[in-house]
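First up is the structure itself, then whatever we jot down about it.
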Amino acid sequence: MKTLALEFSSEHRGVAVADGDRILGEARETAGRDTHPFALIRAALEQARGRRDEIHRVVVGTGPGSYNGIRTAIAVAQGWHLARGVEVGGIGSMEGLAEDLRLQGRRGRLHAVVDAQRGEFYLAAYELRADGLAIAEALRIVPRQTLAALLAAGEPVFGPPGEAVPAGVQPAYPSAAALARLAATRFTPCAPEALEPIYLRETSFVKAPPPRIIVDHP
Amino acid sequence: MLLAIETSCDETSVAVVHDGVVRANLVASQVRLHAEYGGVVPELATREHLRHLAPLVRAALREAGVAAGELDAVAATQGPGLPSALLVGLKAAQGLAFALERPFLGVHHHEAHLYSPWITGQPPRADFGAFLPNVSLLVSGGHTMLVRVEAGFRHRVLGSTVDDAAGECFDKTAKLLGLAYPGGPLLDRLAATGDPRSFALPRPMLNEPHDDFSFSGLKTSVRYRLRDQPDLLAHDRRIHDLCASVQAAIVEVLVSKTVRAALREGVSCVTASGGVTCNRQLRRDLAAACQAHGLSLRLAAPALCTDNAAMVGIVAERQLASGAAPTDLDAEIRPGWSLTDLPNAVR
């Protein structure tokens with residue numbers, strides 16, 4: 001069963017093709033802001049010597065991160081499902097980031113961070129072991145001071161660099177290959193319409209006052 | 001067999017067309033959701049598209065009696081529209097086309113509207129055999145423009161609004177009166193029992209020698225009227241009269257400028273499309289004016305006036321049949337795409 005992993009939540013966008021936990025092909029792009037999902041998928045499939053109809057599962061990095069990137073991945077996965085009936089599912093991109101570090105040989109506890117804008121950050125902690133990854137602290141939104149305190153205490157913090165991200169955060173990105181590896185053991189398929197980016201912040205759109213004149217819509 | 005997706009604003013729509021016949025055309029409207037906010041909230045619209053698109057595609061395929069594997073092509077609105085809303089439909093359509101290894105076509109939303117008056121009957125069917133060079137009024141909540149359509153996919157923009165679209169003027173005026181969103185259709189209903197001569201309102205740019213429109217002044221005029229006569233809102237009769245007067249002003253400008261452009265351009269046909277084309281007075285007055293000047297008139301069917309994927313599918317199928325090259329699968333959304341940027345646009 002071949003898995004296609006789409007990870008577009010950061011500026012390091014990537015696609016991987018895997019058979020179980022074996023990565024058969026991977027393609028990345030970092031230039032520019034536009035994501036080219038199909039050029040990446042073609043390149044990853046070519047490397048994997050695979051065909052489109054051999055994909056049985058599409059896993060998507062659900063963020064947090066760039067909404068446009070995450071929604072691009074979700075929409076592509078929805079389209080693929082509608083075309084071929086493949087399984088689809090999502091895995092948090094920060095887990096993908098931590099798993100990528102684990103695959104590089106890092107062990108022990110670390111924090112993963114992504115800029116949440118408005119002076120806040122998405123933060124989670126993971127325990128990296130030789131046999132896998134465990135969530136130590138669930139994903140949440142924290143103020144800048146919380147992140148600053150972690151850095152001041154010498155805690156290892158990793159995440160995509162950015163203007164608002166403090167200097168002590170070590171550069172790291174979620175990767176599609178790591179996502180595919182995670183999917184080999186913790187993939188839960190869902191309906192394509194249930195796939196959505198991780199929304200941690202409450203929406204706060206201003207509601208209109210009630211109408212003064214009530215007329216039924218035709 | 002072609003599947004088309006439209007998500008340029010707050011309607012998720014999916015259609016299946018085959019040989020010019022609309023086999024399915026489904027729309028999931030978000031009007032009730034956005035009504036709470038008094039207008040379309042792009043972030044909410046995008047979230048809804050993500051939720052509605054897949055079930056709608058499944059339902060459209062079921063209604064059309066086809067399996068995804070039987071599709072010959074896939075199309076989607078590429079622009080103009082709300083960026084994040086466009087993204088959902090475009091990328092899903094591209095994903096479908098890529099996985100099926102079928103051609104994909106990105107369609108211009110306004111171009112789809114321009115040809116919607118040529119889709120008629122039940123089931124809706126493209127009637128391009130009857131096509132006549134025409135002047136087309138495209139009028140909605142986001143756009144108001146006059147376009148000369150010379151032949152299939154050859155058109156020239158004659159004029160457009162320099163500020164608010166006509167539909168925006170309807171909705172914003174309705175909001176000033178305290179009507180729920182979207183207020184345009186409600187204003188139409190209240191206007192039916194009002195006197196359109198009760199309030200002397202401006203007819204912006206009516207007599208200026210060009211085809212552009214301006215509606216923001218009309219809206220401001222209503223605002224000043226309500227500021228100076230706040231008790232006006234306490235009388236149902238006066239509200240109905242004001243609705244009728246506003247509608248008469250908008251419709252007179254739209255009809256007069258459309259007919260004048262058609263006569264000047266020497267075409268024998270006028271068409272109208274877009275959400276405001278549902279307005280009953282506009283349909284009546286445009287019909288009367290065209291008849292008085294010996295022009296034939298084609299109005300988009302009410303179901304095809306608002307955003308829908310049927311018109312996207314019909315245009316895409318015709319373009320592919322006439323040899324148009326498929327759109328690159330990694331083509332991006334074009335939120336500000338102008339009709340004048342299309343390859344066959346006449347400048």
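Following the order of the structure tokens, first chain is A, next is B, and so on, with residues numbered from 1 inside each chain and ligands from 1 in the order they appear.
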
Which region 198-307 of chain B residues have any atom within 6 Å of an atom of region 134-142 of chain B, and for each, what is the nearest pair of atoms with distance in Å to one decimal, counting only C-alpha atoms, rows sorted by chain and number, as CSV?
residue,atom,partner,partner_atom,distance
B:Ala262,CA,B:Val135,CA,5.4
B:Val267,CA,B:Asn134,CA,5.5
B:Cys269,CA,B:Asn134,CA,4.7
B:Val270,CA,B:Val135,CA,5.0
B:Thr271,CA,B:Ser136,CA,4.6
B:Ala272,CA,B:Leu137,CA,4.6
B:Ser273,CA,B:Leu138,CA,5.1
B:Gly274,CA,B:Ser140,CA,4.8
B:Gly275,CA,B:Ser140,CA,4.7
B:Val276,CA,B:Ser140,CA,5.0

Hey, can you spit out that residue selection with C-alpha atoms as a CSV table (one decimal), in the first residue's frame?
chain,number,residue,atom,x,y,z
B,262,ALA,CA,-26.1,47.9,-27.9
B,267,VAL,CA,-25.6,44.6,-32.3
B,269,CYS,CA,-29.0,41.3,-29.2
B,270,VAL,CA,-28.6,42.1,-25.5
B,271,THR,CA,-27.9,39.6,-22.8
B,272,ALA,CA,-27.8,39.9,-19.0
B,273,SER,CA,-26.4,37.7,-16.3
B,274,GLY,CA,-25.2,37.8,-12.7
B,275,GLY,CA,-27.1,37.8,-9.4
B,276,VAL,CA,-28.8,41.2,-9.9

Which of chain A fall in helix (DSSP H, G or I), as a PyMOL selection string: chain A and resi 37-48+52-54+67-84+93-103+144-152+176-186+192-194

Strand (DSSP E or B) residues, from DSSP on the backbone, in region 18-90 of chain A, as a list in words: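 Selecting the strand (DSSP E or B) positions of region 18-90 of chain A gives Ala18, Asp19, Arg22, Ile23, Leu24, Gly25, Glu26, Ala27, Arg28, Glu29, Ile55, His56, Arg57, Val58, Val59, Val60, Gly61, Glu87, Val88, Gly89 and Gly90 of chain A.
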
Check: which chain B residues lie within 9 Å of chain A using only C-alpha atoms, as a ChimeraX atom specification: /B:35-39,41,47,50-55,57-58,67-69,84,87-101,175,177-183,185-186,189-190,329-332

Within 9 Å of region 8-15 of chain A using only C-alpha atoms, minus same-chain residues under 2 positions, as a ChimeraX atom specification: /A:4-6,17,25-33,35-37,40-41,43-44,60-73,93,160,173-177

Point-to-point distance from CA of Glu6 (chain B) to CA of His113 (chain B), Å rounded to tenths: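 Answer for the CA of Glu6 (chain B) to CA of His113 (chain B) separation: 11.8 Å.
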